[in-house]
Structure formats: structure tokens, C-alpha cells
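Shown below: coords37.cif, with mmCIF, C-alpha atoms.
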data_my_file
loop_
_atom_site.group_PDB
_atom_site.id
_atom_site.type_symbol
_atom_site.label_atom_id
_atom_site.label_comp_id
_atom_site.auth_asym_id
_atom_site.auth_seq_id
_atom_site.Cartn_x
_atom_site.Cartn_y
_atom_site.Cartn_z
ATOM 1 C CA MET X 1 -79.036 5.048 -6.758
ATOM 2 C CA ALA X 2 -76.565 2.263 -7.036
ATOM 3 C CA ASP X 3 -73.012 3.113 -6.251
ATOM 4 C CA ARG X 4 -71.013 3.767 -9.341
ATOM 5 C CA GLN X 5 -67.956 1.659 -9.864
ATOM 6 C CA PRO X 6 -64.763 3.704 -10.094
ATOM 7 C CA LEU X 7 -63.345 3.998 -13.569
ATOM 8 C CA LYS X 8 -60.355 1.816 -14.288
ATOM 9 C CA SER X 9 -57.132 3.640 -14.877
ATOM 10 C CA ALA X 10 -55.031 3.113 -17.961
ATOM 11 C CA GLN X 11 -52.678 0.996 -15.882
ATOM 12 C CA GLN X 12 -55.526 -1.206 -14.650
ATOM 13 C CA ASP X 13 -57.010 -1.705 -18.111
ATOM 14 C CA SER X 14 -54.214 -2.886 -20.356
ATOM 15 C CA ARG X 15 -56.553 -3.588 -23.276
ATOM 16 C CA PRO X 16 -55.777 -1.284 -26.214
ATOM 17 C CA ARG X 17 -58.443 1.391 -26.668
ATOM 18 C CA TRP X 18 -58.894 0.369 -30.304
ATOM 19 C CA ALA X 19 -59.518 -3.297 -29.481
ATOM 20 C CA PHE X 20 -62.851 -4.767 -30.505
ATOM 21 C CA PRO X 21 -64.829 -7.319 -28.509
ATOM 22 C CA PRO X 22 -64.806 -10.838 -29.918
ATOM 23 C CA LEU X 23 -66.754 -11.239 -33.108
ATOM 24 C CA GLY X 24 -70.380 -12.236 -32.676
ATOM 25 C CA THR X 25 -70.901 -10.491 -29.292
ATOM 26 C CA ARG X 26 -73.651 -8.001 -28.736
ATOM 27 C CA ALA X 27 -72.973 -4.350 -28.317
ATOM 28 C CA PRO X 28 -73.964 -3.122 -24.815
ATOM 29 C CA GLY X 29 -77.641 -2.204 -24.688
ATOM 30 C CA GLY X 30 -78.248 -3.087 -28.318
ATOM 31 C CA THR X 31 -78.908 -5.903 -30.683
ATOM 32 C CA GLN X 32 -76.326 -5.258 -33.379
ATOM 33 C CA THR X 33 -73.330 -7.504 -33.743
ATOM 34 C CA VAL X 34 -70.007 -5.788 -33.181
ATOM 35 C CA PRO X 35 -68.338 -5.313 -36.585
ATOM 36 C CA PRO X 36 -64.926 -6.819 -37.312
ATOM 37 C CA PRO X 37 -61.885 -4.557 -37.195
ATOM 38 C CA PRO X 38 -61.090 -2.704 -40.397
ATOM 39 C CA ARG X 39 -58.544 -4.205 -42.797
ATOM 40 C CA CYS X 40 -55.193 -2.573 -43.340
ATOM 41 C CA TRP X 41 -53.785 -2.167 -46.838
ATOM 42 C CA ARG X 42 -50.205 -1.479 -47.854
ATOM 43 C CA ALA X 43 -49.780 1.832 -49.582
ATOM 44 C CA VAL X 44 -48.712 1.399 -53.202
ATOM 45 C CA SER X 45 -46.579 4.018 -54.872
ATOM 46 C CA LEU X 46 -47.456 5.078 -58.384
ATOM 47 C CA SER X 47 -43.892 4.210 -59.356
ATOM 48 C CA ASP X 48 -44.685 0.556 -58.553
ATOM 49 C CA LEU X 49 -47.318 0.458 -61.256
ATOM 50 C CA PRO X 50 -46.374 -0.156 -64.887
ATOM 51 C CA GLU X 51 -46.879 2.670 -67.317
ATOM 52 C CA PRO X 52 -49.974 2.252 -69.496
ATOM 53 C CA GLY X 53 -48.952 0.440 -72.648
ATOM 54 C CA ALA X 54 -45.404 -0.206 -71.361
ATOM 55 C CA PRO X 55 -43.757 -3.369 -72.734
ATOM 56 C CA PRO X 56 -43.193 -6.227 -70.287
ATOM 57 C CA PRO X 57 -39.721 -6.530 -68.728
ATOM 58 C CA PRO X 58 -37.266 -8.526 -70.852
ATOM 59 C CA GLY X 59 -37.199 -12.269 -70.280
ATOM 60 C CA PRO X 60 -34.059 -14.323 -69.618
ATOM 61 C CA ASP X 61 -33.395 -14.882 -73.335
ATOM 62 C CA ASP X 62 -34.356 -11.387 -74.471
ATOM 63 C CA PRO X 63 -31.176 -9.781 -75.870
ATOM 64 C CA ARG X 64 -32.088 -6.468 -74.197
ATOM 65 C CA ARG X 65 -31.483 -8.181 -70.861
ATOM 66 C CA TRP X 66 -27.790 -8.733 -71.703
ATOM 67 C CA LEU X 67 -26.489 -5.292 -72.635
ATOM 68 C CA GLY X 68 -25.860 -3.519 -69.330
ATOM 69 C CA ALA X 69 -22.834 -2.850 -67.170
ATOM 70 C CA THR X 70 -21.969 -4.684 -63.944
ATOM 71 C CA ALA X 71 -19.260 -4.433 -61.305
ATOM 72 C CA LEU X 72 -16.918 -6.467 -63.529
ATOM 73 C CA LEU X 73 -18.236 -5.280 -66.887
ATOM 74 C CA ASP X 74 -17.086 -1.674 -66.455
ATOM 75 C CA LEU X 75 -18.504 -0.428 -69.747
ATOM 76 C CA GLU X 76 -17.936 3.243 -68.914
ATOM 77 C CA ASP X 77 -14.191 2.771 -68.551
ATOM 78 C CA PRO X 78 -12.528 5.063 -71.134
ATOM 79 C CA ARG X 79 -9.805 2.641 -72.209
ATOM 80 C CA LEU X 80 -12.301 -0.192 -72.608
ATOM 81 C CA ARG X 81 -14.572 1.973 -74.744
ATOM 82 C CA VAL X 82 -11.679 3.129 -76.917
ATOM 83 C CA ARG X 83 -10.579 -0.465 -77.446
ATOM 84 C CA ALA X 84 -14.096 -1.572 -78.412
ATOM 85 C CA ARG X 85 -14.399 1.334 -80.840
ATOM 86 C CA SER X 86 -11.022 0.660 -82.435
ATOM 87 C CA LEU X 87 -11.903 -3.000 -82.948
ATOM 88 C CA THR X 88 -15.276 -2.347 -84.567
ATOM 89 C CA GLN X 89 -15.184 1.058 -86.273
ATOM 90 C CA LEU X 90 -14.245 -0.323 -89.706
ATOM 91 C CA CYS X 91 -16.597 -3.308 -89.529
ATOM 92 C CA LYS X 92 -19.566 -3.256 -91.884
ATOM 93 C CA THR X 93 -21.740 -5.953 -90.283
ATOM 94 C CA GLU X 94 -22.591 -7.200 -86.813
ATOM 95 C CA ARG X 95 -20.802 -10.452 -87.554
ATOM 96 C CA GLU X 96 -17.608 -8.600 -88.471
ATOM 97 C CA LYS X 97 -17.797 -6.714 -85.177
ATOM 98 C CA VAL X 98 -18.274 -9.918 -83.214
ATOM 99 C CA LEU X 99 -15.378 -11.673 -84.933
ATOM 100 C CA SER X 100 -13.056 -8.696 -84.540
ATOM 101 C CA VAL X 101 -13.656 -8.565 -80.787
ATOM 102 C CA TYR X 102 -13.465 -12.353 -80.511
ATOM 103 C CA ALA X 103 -10.138 -12.505 -82.366
ATOM 104 C CA PHE X 104 -8.621 -9.837 -80.110
ATOM 105 C CA VAL X 105 -9.564 -11.698 -76.918
ATOM 106 C CA LYS X 106 -8.559 -15.097 -78.296
ATOM 107 C CA ARG X 107 -5.051 -13.807 -79.075
ATOM 108 C CA LEU X 108 -4.459 -12.955 -75.415
ATOM 109 C CA PRO X 109 -2.267 -15.713 -73.922
ATOM 110 C CA PHE X 110 -4.026 -18.254 -71.735
ATOM 111 C CA THR X 111 -2.530 -18.259 -68.221
ATOM 112 C CA LYS X 112 -3.567 -19.122 -64.671
ATOM 113 C CA PRO X 113 -2.754 -16.122 -62.454
ATOM 114 C CA LEU X 114 -3.121 -15.872 -58.699
ATOM 115 C CA LYS X 115 -6.266 -13.887 -57.861
ATOM 116 C CA LEU X 116 -7.872 -12.821 -54.608
ATOM 117 C CA GLN X 117 -11.030 -11.734 -56.423
ATOM 118 C CA PRO X 118 -12.398 -11.754 -59.970
ATOM 119 C CA ARG X 119 -10.867 -9.199 -62.319
ATOM 120 C CA THR X 120 -12.777 -6.442 -64.038
ATOM 121 C CA ALA X 121 -12.705 -6.181 -67.813
ATOM 122 C CA ARG X 122 -10.333 -3.212 -67.580
ATOM 123 C CA GLN X 123 -7.960 -5.163 -65.332
ATOM 124 C CA VAL X 124 -7.883 -8.043 -67.810
ATOM 125 C CA LEU X 125 -7.271 -5.608 -70.655
ATOM 126 C CA ASP X 126 -4.357 -4.075 -68.744
ATOM 127 C CA ALA X 127 -2.913 -7.504 -67.898
ATOM 128 C CA GLY X 128 -3.064 -8.639 -71.528
ATOM 129 C CA ARG X 129 -3.568 -12.280 -70.537
ATOM 130 C CA GLY X 130 -5.791 -14.410 -68.321
ATOM 131 C CA ASP X 131 -7.684 -17.601 -67.613
ATOM 132 C CA SER X 132 -11.161 -18.488 -68.871
ATOM 133 C CA PRO X 133 -13.132 -16.254 -66.430
ATOM 134 C CA ASP X 134 -10.784 -13.338 -67.171
ATOM 135 C CA LYS X 135 -11.031 -13.649 -70.931
ATOM 136 C CA ALA X 136 -14.793 -14.253 -70.787
ATOM 137 C CA THR X 137 -15.236 -11.064 -68.753
ATOM 138 C CA LEU X 138 -13.271 -9.030 -71.281
ATOM 139 C CA LEU X 139 -15.020 -10.582 -74.287
ATOM 140 C CA VAL X 140 -18.517 -9.908 -72.931
ATOM 141 C CA ALA X 141 -17.593 -6.355 -71.889
ATOM 142 C CA LEU X 142 -16.144 -5.446 -75.298
ATOM 143 C CA LEU X 143 -19.135 -6.923 -77.108
ATOM 144 C CA ARG X 144 -21.631 -5.062 -74.930
ATOM 145 C CA SER X 145 -19.633 -1.864 -75.310
ATOM 146 C CA ALA X 146 -20.057 -2.309 -79.067
ATOM 147 C CA GLY X 147 -23.831 -2.693 -78.587
ATOM 148 C CA ILE X 148 -23.895 -6.470 -79.055
ATOM 149 C CA PRO X 149 -25.776 -8.572 -76.453
ATOM 150 C CA ALA X 150 -23.516 -11.156 -74.811
ATOM 151 C CA ARG X 151 -23.539 -13.313 -71.683
ATOM 152 C CA LEU X 152 -21.759 -16.124 -69.855
ATOM 153 C CA HIS X 153 -23.115 -19.671 -69.863
ATOM 154 C CA TRP X 154 -21.490 -21.712 -67.116
ATOM 155 C CA TYR X 155 -20.884 -25.462 -67.373
ATOM 156 C CA GLU X 156 -19.395 -28.029 -65.006
ATOM 157 C CA PHE X 157 -16.883 -30.402 -66.604
ATOM 158 C CA ASN X 158 -15.370 -33.729 -65.683
ATOM 159 C CA GLY X 159 -11.912 -33.116 -64.232
ATOM 160 C CA GLU X 160 -10.381 -35.386 -66.881
ATOM 161 C CA VAL X 161 -10.601 -32.448 -69.288
ATOM 162 C CA MET X 162 -7.904 -30.653 -67.265
ATOM 163 C CA ARG X 163 -5.534 -33.608 -67.048
ATOM 164 C CA GLY X 164 -1.992 -32.475 -67.661
ATOM 165 C CA LEU X 165 -2.701 -29.064 -66.123
ATOM 166 C CA VAL X 166 -4.253 -29.931 -62.750
ATOM 167 C CA PRO X 167 -3.596 -33.080 -60.720
ATOM 168 C CA SER X 168 -6.539 -35.003 -59.258
ATOM 169 C CA LEU X 169 -9.410 -32.693 -60.196
ATOM 170 C CA SER X 170 -12.854 -34.273 -59.877
ATOM 171 C CA SER X 171 -14.662 -31.496 -61.737
ATOM 172 C CA GLY X 172 -14.281 -27.883 -62.736
ATOM 173 C CA GLY X 173 -16.415 -25.113 -64.149
ATOM 174 C CA ARG X 174 -15.760 -22.661 -66.930
ATOM 175 C CA PRO X 175 -17.840 -20.206 -68.940
ATOM 176 C CA ALA X 176 -18.822 -20.309 -72.556
ATOM 177 C CA VAL X 177 -19.677 -16.943 -74.094
ATOM 178 C CA GLU X 178 -22.982 -16.628 -75.911
ATOM 179 C CA VAL X 179 -23.590 -13.847 -78.427
ATOM 180 C CA TRP X 180 -26.869 -12.704 -79.970
ATOM 181 C CA ALA X 181 -26.325 -13.328 -83.681
ATOM 182 C CA GLN X 182 -28.948 -13.349 -86.428
ATOM 183 C CA GLY X 183 -31.847 -13.610 -84.003
ATOM 184 C CA ARG X 184 -30.516 -16.399 -81.783
ATOM 185 C CA TRP X 185 -27.936 -17.125 -79.101
ATOM 186 C CA VAL X 186 -24.724 -18.690 -80.408
ATOM 187 C CA GLY X 187 -22.071 -19.986 -78.017
ATOM 188 C CA THR X 188 -18.366 -20.770 -78.024
ATOM 189 C CA ASP X 189 -15.559 -21.492 -75.594
ATOM 190 C CA THR X 190 -12.773 -21.356 -78.186
ATOM 191 C CA TYR X 191 -11.885 -17.829 -77.016
ATOM 192 C CA ILE X 192 -10.182 -19.375 -73.959
ATOM 193 C CA PHE X 193 -7.058 -20.744 -75.634
ATOM 194 C CA ASP X 194 -4.796 -18.735 -77.919
ATOM 195 C CA ALA X 195 -3.639 -20.364 -81.159
ATOM 196 C CA ALA X 196 -0.147 -21.225 -79.908
ATOM 197 C CA TYR X 197 -1.503 -22.950 -76.811
ATOM 198 C CA MET X 198 -4.149 -24.817 -78.811
ATOM 199 C CA ALA X 199 -1.603 -26.169 -81.293
ATOM 200 C CA ALA X 200 0.769 -27.246 -78.514
ATOM 201 C CA ALA X 201 -2.038 -28.924 -76.542
ATOM 202 C CA ARG X 202 -3.250 -30.866 -79.570
ATOM 203 C CA GLN X 203 0.251 -32.083 -80.314
ATOM 204 C CA ARG X 204 0.823 -33.109 -76.707
ATOM 205 C CA LEU X 205 -2.425 -35.100 -76.641
ATOM 206 C CA LYS X 206 -1.386 -36.935 -79.802
ATOM 207 C CA ASP X 207 2.057 -37.652 -78.362
ATOM 208 C CA LEU X 208 0.556 -39.004 -75.140
ATOM 209 C CA GLY X 209 -2.246 -40.920 -76.819
ATOM 210 C CA TRP X 210 -4.877 -39.034 -74.828
ATOM 211 C CA THR X 211 -8.292 -38.003 -76.104
ATOM 212 C CA TRP X 212 -8.881 -35.385 -73.407
ATOM 213 C CA GLY X 213 -6.499 -33.166 -71.507
ATOM 214 C CA TYR X 214 -5.003 -29.687 -71.184
ATOM 215 C CA GLY X 215 -8.532 -28.257 -71.258
ATOM 216 C CA ILE X 216 -9.507 -29.581 -74.701
ATOM 217 C CA HIS X 217 -10.495 -32.593 -76.793
ATOM 218 C CA ARG X 218 -7.881 -33.742 -79.279
ATOM 219 C CA GLU X 219 -10.294 -33.085 -82.155
ATOM 220 C CA GLY X 220 -11.944 -30.029 -80.611
ATOM 221 C CA HIS X 221 -12.641 -26.805 -82.475
ATOM 222 C CA ALA X 222 -9.901 -24.184 -82.538
ATOM 223 C CA ILE X 223 -11.715 -21.152 -83.987
ATOM 224 C CA TRP X 224 -15.240 -19.738 -84.253
ATOM 225 C CA ASN X 225 -17.014 -18.420 -87.343
ATOM 226 C CA GLY X 226 -19.480 -16.187 -85.486
ATOM 227 C CA LEU X 227 -22.497 -18.040 -86.874
ATOM 228 C CA ASP X 228 -22.488 -21.523 -85.351
ATOM 229 C CA GLY X 229 -21.422 -22.961 -82.031
ATOM 230 C CA ALA X 230 -17.749 -23.917 -81.684
ATOM 231 C CA TRP X 231 -16.396 -25.923 -78.767
ATOM 232 C CA VAL X 232 -12.926 -27.014 -77.666
ATOM 233 C CA GLY X 233 -14.590 -30.242 -76.524
ATOM 234 C CA GLY X 234 -15.586 -30.978 -80.117
ATOM 235 C CA SER X 235 -19.338 -31.188 -79.364
ATOM 236 C CA PRO X 236 -22.077 -28.849 -78.115
ATOM 237 C CA PRO X 237 -22.368 -28.979 -74.314
ATOM 238 C CA ALA X 238 -25.677 -30.859 -74.527
ATOM 239 C CA GLU X 239 -23.868 -33.663 -76.387
ATOM 240 C CA ASP X 240 -20.474 -33.482 -74.682
ATOM 241 C CA PRO X 241 -19.881 -36.524 -72.421
ATOM 242 C CA MET X 242 -17.512 -34.456 -70.268
ATOM 243 C CA VAL X 243 -20.193 -31.901 -69.316
ATOM 244 C CA LEU X 244 -21.607 -32.836 -65.923
ATOM 245 C CA GLU X 245 -24.010 -29.956 -65.335
ATOM 246 C CA ASP X 246 -25.432 -26.848 -66.963
ATOM 247 C CA HIS X 247 -25.420 -23.979 -64.433
ATOM 248 C CA GLY X 248 -27.236 -21.472 -66.638
ATOM 249 C CA CYS X 249 -26.544 -17.949 -67.891
ATOM 250 C CA TYR X 250 -25.078 -14.997 -65.998
ATOM 251 C CA ASP X 251 -23.865 -11.454 -66.571
ATOM 252 C CA ASP X 252 -20.435 -12.032 -65.079
ATOM 253 C CA VAL X 253 -18.332 -14.166 -62.750
ATOM 254 C CA LEU X 254 -19.641 -12.459 -59.607
ATOM 255 C CA ALA X 255 -23.239 -13.184 -60.583
ATOM 256 C CA PHE X 256 -22.407 -16.868 -60.963
ATOM 257 C CA SER X 257 -20.488 -16.938 -57.655
ATOM 258 C CA ALA X 258 -23.540 -15.491 -55.884
ATOM 259 C CA SER X 259 -25.948 -17.973 -57.461
ATOM 260 C CA GLU X 260 -27.613 -20.875 -55.715
ATOM 261 C CA ALA X 261 -26.137 -23.254 -58.305
ATOM 262 C CA TYR X 262 -22.615 -22.268 -57.266
ATOM 263 C CA ARG X 263 -23.165 -22.248 -53.515
ATOM 264 C CA LYS X 264 -24.871 -25.644 -53.472
ATOM 265 C CA ARG X 265 -21.805 -27.339 -54.928
ATOM 266 C CA ARG X 266 -18.926 -25.537 -53.247
ATOM 267 C CA ARG X 267 -17.913 -23.016 -50.638
ATOM 268 C CA PRO X 268 -16.682 -19.858 -52.380
ATOM 269 C CA LEU X 269 -13.716 -19.285 -50.052
ATOM 270 C CA THR X 270 -12.628 -22.920 -50.206
ATOM 271 C CA ARG X 271 -12.862 -22.925 -53.995
ATOM 272 C CA SER X 272 -10.853 -19.712 -54.281
ATOM 273 C CA LEU X 273 -8.107 -21.059 -52.012
ATOM 274 C CA HIS X 274 -7.990 -24.311 -53.976
ATOM 275 C CA TRP X 275 -7.456 -22.578 -57.320
ATOM 276 C CA ASN X 276 -4.818 -20.255 -55.880
ATOM 277 C CA MET X 277 -2.967 -23.297 -54.565
ATOM 278 C CA VAL X 278 -2.978 -25.059 -57.940
ATOM 279 C CA ALA X 279 -2.373 -21.880 -59.984
ATOM 280 C CA PRO X 280 1.463 -22.133 -59.791
ATOM 281 C CA LEU X 281 1.298 -25.775 -60.912
ATOM 282 C CA MET X 282 -0.967 -24.869 -63.810
ATOM 283 C CA GLU X 283 1.221 -21.943 -64.814
ATOM 284 C CA ARG X 284 4.302 -24.161 -64.877
ATOM 285 C CA ALA X 285 2.473 -26.807 -66.931
ATOM 286 C CA ILE X 286 1.366 -24.119 -69.401
ATOM 287 C CA ARG X 287 4.918 -22.803 -69.784
ATOM 288 C CA GLU X 288 6.282 -26.306 -70.351
ATOM 289 C CA LEU X 289 3.560 -27.027 -72.888
ATOM 290 C CA ARG X 290 4.324 -23.866 -74.858
ATOM 291 C CA ALA X 291 8.045 -24.608 -74.761
ATOM 292 C CA GLY X 292 7.529 -28.186 -75.923
ATOM 293 C CA ASP X 293 8.976 -29.599 -72.702
ATOM 294 C CA GLY X 294 7.549 -32.636 -70.963
ATOM 295 C CA PRO X 295 7.495 -36.411 -71.268
ATOM 296 C CA ALA X 296 7.388 -37.883 -74.755
ATOM 297 C CA SER X 297 4.969 -40.554 -73.518
ATOM 298 C CA PRO X 298 2.803 -40.943 -70.418
ATOM 299 C CA PRO X 299 3.205 -43.579 -67.734
ATOM 300 C CA GLN X 300 1.653 -46.853 -68.835
ATOM 301 C CA ALA X 301 -1.183 -46.520 -66.326
ATOM 302 C CA GLU X 302 -2.233 -43.188 -67.838
ATOM 303 C CA ARG X 303 -2.150 -44.184 -71.502
ATOM 304 C CA GLU X 304 -5.520 -44.328 -73.207
ATOM 305 C CA THR X 305 -6.677 -46.439 -76.055
ATOM 306 C CA SER X 306 -8.058 -44.159 -78.745
#
In C-alpha cells, write the structure found in this file.
Amino acid sequence: MADRQPLKSAQQDSRPRWAFPPLGTRAPGGTQTVPPPPRCWRAVSLSDLPEPGAPPPPGPDDPRRWLGATALLDLEDPRLRVRARSLTQLCKTEREKVLSVYAFVKRLPFTKPLKLQPRTARQVLDAGRGDSPDKATLLVALLRSAGIPARLHWYEFNGEVMRGLVPSLSSGGRPAVEVWAQGRWVGTDTYIFDAAYMAAARQRLKDLGWTWGYGIHREGHAIWNGLDGAWVGGSPPAEDPMVLEDHGCYDDVLAFSASEAYRKRRRPLTRSLHWNMVAPLMERAIRELRAGDGPASPPQAERETS
């Protein structure tokens, strides 16, 4: 009898016990081909599967998509809910509700405060004033609290629009607010500037002979009727020569700041530091504009031909 070879120990044979010989080899002492290893499948939870007959998730333009709360849209805040109720409880139609909320936010004075982070809707309500992201946050939150779908639509503008407020700005972004009205999305950015600021800015542009500046066009819209688009640039964004880029729709300022569109164009920290550096200059320019102070005519190099 031939000597038997000693069995290899586990240390000598490092091949896993479940390993299969290469495909196509013959099993010892037989003629069958060794089968391939079994496939592994990921376990799927029943919660991953849609309910039978369940509707598909809402698409990007479905109004149901734009009703929820976020970190900045603190819809469960008691004071915010009371304010939304007080603004809409006597309204008979959806349009009346929209215009009541819009008018309240528009009346808040336009300012440029120092901010280390975006403000929540409640913080803007407590402050009673704010810049375009602040007022947009409050407007969307109050509308959603009243059961009306609303969202931000962010656009990038030529820096010439902000002439008179910010020196040497190549471009800047700001949100329009879109509201679901009569089966379609209707947008406006006229909520940004209160009536006193708008009147003073228009007069200053006429005095200086400028077409653009102080955030507006000289012939831009001042108010919104709740049915059609209204724009301080005087034209819809798709037709506005000052609009450089359409960044799309978002729930709030944080959602836009986290988007690829935002991060491709700027570093968030750098952008925040820049605006905090120019905020005191903007605030002073706003105060002078409201008070009627400032040059009666621009330097010759800055004068435009209308």
C-alpha cells in the first residue's frame, strides 16, 4: 500500500475551504465540470418596495414637493404659525392669502446685516428686516405654513445691477420666490425691496442717469399681483440681459449653498467672508439712499446714456 501523504494543516493550506477550483476543471475521479460558485444577492426590505397602487413620488415641479419644513423653514415654530394664521384667516381665496403674506414680507425694510450663517424664518421674523435671502426664507415659510406651495429660484446677475450699493462686483446671486398659483408656478423678486427703498432707488437712478443700479432696473416692477410674474429688473429672468445663469429651484438658502451649482462657482467660506466685509458698506449706502443723501450726479466716467 502506498504511503499516505500527511494531511495539510490549516496553516499550510491557506486556500479558503469554500473556494472552488477554476471553472472548466474536472472533479476528482469524475467527469462532471465543477459548477461555478453561487451568486450572492442583497437582501431587500419590504419597506424598500412601493406599496401596490401607490402614486409615484412627486417630481421637481409637483407642488406637493414644495410644502415641507426644512432647517431654515421652521414651520412648527409657534410664532411663525400664529403670524401665518393672522395674515390669512380672513382671506377668501388662495390669491388673497398669497398677496397678504407677500405684502407683509415686502413691507419689512431691506437691509444688509452681518451674518455668520443663514437665518431661519423665525429669526427673520424677530429681526423685522433683512436682505433678499432673509426675506425669501420668511416669505416661503409663511406661504407653506398657510398650505401654499412655494420655493426659491436662484439666479446669477451681472454685478452692474448692484452698482451704488457694492463696489466692483462682477456678479451676484439672489433668489426669486415662486408660488403655485392657478395650476402653475409664478415668480417674483419684488418682495426684496420695501416701497420706500424702491421709490428712493428709482429716483436716484433717474438723478444719476443710470439704467441699472441699487439692485433694480429704473423701469422695473415695484409690486406683484399674485397672478403674473413681476421683476425688479423689468423683464422675466429668461429675457433679462443682466441674468447670467439660472441655478434652479431649492427649498431654502442652505439647500442652494450645498448644491453643485453653488460650489462650482465659489467657495462657501470665501463668499460668506466677502459679503460680511461689504455688508457695512451696503448698509451705509442703503441709509444714505433712504435719507436722500448722496451725489446729485455721478462722475463723468460713470454716467450712462439712456
Contacts of range 212-225 of chain X at 6 Å or less, counting only C-alpha atoms, minus same-chain residues fewer than 6 places along, as number ranges by chain?
X: 161-165, 190, 202, 231-234
How many Å lie between CA of Pro113 in chain X and CA of Gly128 in chain X, rounded to one decimal?
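A separation of 11.8 Å between them.
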Between CA of Arg65 in chain X and CA of Lys115 in chain X, measure the distance and give it in Å to one decimal.
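So the two atoms, CA of Arg65 in chain X and CA of Lys115 in chain X, lie 28.9 Å apart.
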Report as a PyMOL selection string the full result of the PyMOL selection byres ((chain X and resi 100-104) around 9) when it is applied to this structure.
chain X and resi 84+87-88+91+95-99+105-108+139+142-143+191+223-224+226
Within 8 Å of range 74-77 of chain X, which residues of range 106-145 of chain X show up? Give each one with its shortest atom-to-atom distance in Å (one decimal) and the two atoms involved, counting all atoms listed in the file, rows by chain then rising residue number, as a Markdown table.
| residue | atom | partner | partner_atom | distance |
| --- | --- | --- | --- | --- |
| X:Thr120 | CA | X:Asp74 | CA | 6.9 |
| X:Ala121 | CA | X:Asp74 | CA | 6.4 |
| X:Arg122 | CA | X:Asp74 | CA | 7.0 |
| X:Ala141 | CA | X:Leu75 | CA | 6.4 |
| X:Leu142 | CA | X:Leu75 | CA | 7.8 |
| X:Arg144 | CA | X:Leu75 | CA | 7.6 |
| X:Ser145 | CA | X:Leu75 | CA | 5.9 |
Serialized selection, C-alpha atoms, as a PDB file, keeping the file's coordinate frame:
ATOM      1  CA  THR X 120     -12.777  -6.442 -64.038  1.00  0.00           C
ATOM      2  CA  ALA X 121     -12.705  -6.181 -67.813  1.00  0.00           C
ATOM      3  CA  ARG X 122     -10.333  -3.212 -67.580  1.00  0.00           C
ATOM      4  CA  ALA X 141     -17.593  -6.355 -71.889  1.00  0.00           C
ATOM      5  CA  LEU X 142     -16.144  -5.446 -75.298  1.00  0.00           C
ATOM      6  CA  ARG X 144     -21.631  -5.062 -74.930  1.00  0.00           C
ATOM      7  CA  SER X 145     -19.633  -1.864 -75.310  1.00  0.00           C
TER       8      SER X 145
END
Between range 105-175 of chain X and range 244-248 of chain X, at 12 Å or less, what are the per-residue closest atom pairs and their distances in Å? Count all atoms listed in the file, order by chain and rising residue number, and return it as a Markdown table.
| residue | atom | partner | partner_atom | distance |
| --- | --- | --- | --- | --- |
| X:Arg151 | CA | X:Gly248 | CA | 10.3 |
| X:Leu152 | CA | X:Gly248 | CA | 8.3 |
| X:His153 | CA | X:Gly248 | CA | 5.5 |
| X:Trp154 | CA | X:His247 | CA | 5.3 |
| X:Tyr155 | CA | X:Asp246 | CA | 4.8 |
| X:Glu156 | CA | X:Glu245 | CA | 5.0 |
| X:Phe157 | CA | X:Leu244 | CA | 5.4 |
| X:Asn158 | CA | X:Leu244 | CA | 6.3 |
| X:Gly159 | CA | X:Leu244 | CA | 9.8 |
| X:Glu160 | CA | X:Leu244 | CA | 11.6 |
| X:Val161 | CA | X:Leu244 | CA | 11.5 |
| X:Ser170 | CA | X:Leu244 | CA | 10.7 |
| X:Ser171 | CA | X:Leu244 | CA | 8.2 |
| X:Gly172 | CA | X:Leu244 | CA | 9.4 |
| X:Gly173 | CA | X:His247 | CA | 9.1 |
| X:Arg174 | CA | X:His247 | CA | 10.1 |
| X:Pro175 | CA | X:His247 | CA | 9.6 |
Between CA of Arg287 in chain X and CA of Gln203 in chain X, measure the distance and give it in Å to one decimal.
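If I compute the distance from CA of Arg287 in chain X to CA of Gln203 in chain X, I get 14.8 Å.
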Looking at X:Pro118, X:Gly187, X:Gly68, X:Gly59, which one is nearest to Ser235 in chain X, with distances taken over all atoms listed in the file?
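Going through X:Pro118, X:Gly187, X:Gly68, X:Gly59 one by one, the smallest distance to Ser235 in chain X is for X:Gly187.
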Give me the residues within 10 Å of Arg184 in chain X as a list in words, counting all atoms listed in the file and dropping any in the same chain fewer than 6 places off.
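In the requested form, the answer reads Asp61, Asp62, Pro63, Glu178 and Leu227 of chain X.
Proximity to Val278 in chain X at 12 Å, evaluated using all atoms listed in the file and with sequence-adjacent residues fewer than 5 positions away removed, yields Lys112, Pro113, Leu114, Lys115, Met162, Leu165, Val166, Pro167, Ser168, Leu169, Arg271, Ser272, Leu273, Glu283, Arg284 and Ala285 of chain X.
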Near Thr111 in chain X, within 8 Å and counting all atoms listed in the file, which residues show up once chain neighbours fewer than 6 positions away are dropped, as a VMD selection string?
chain X and resid 129 to 131 283 286
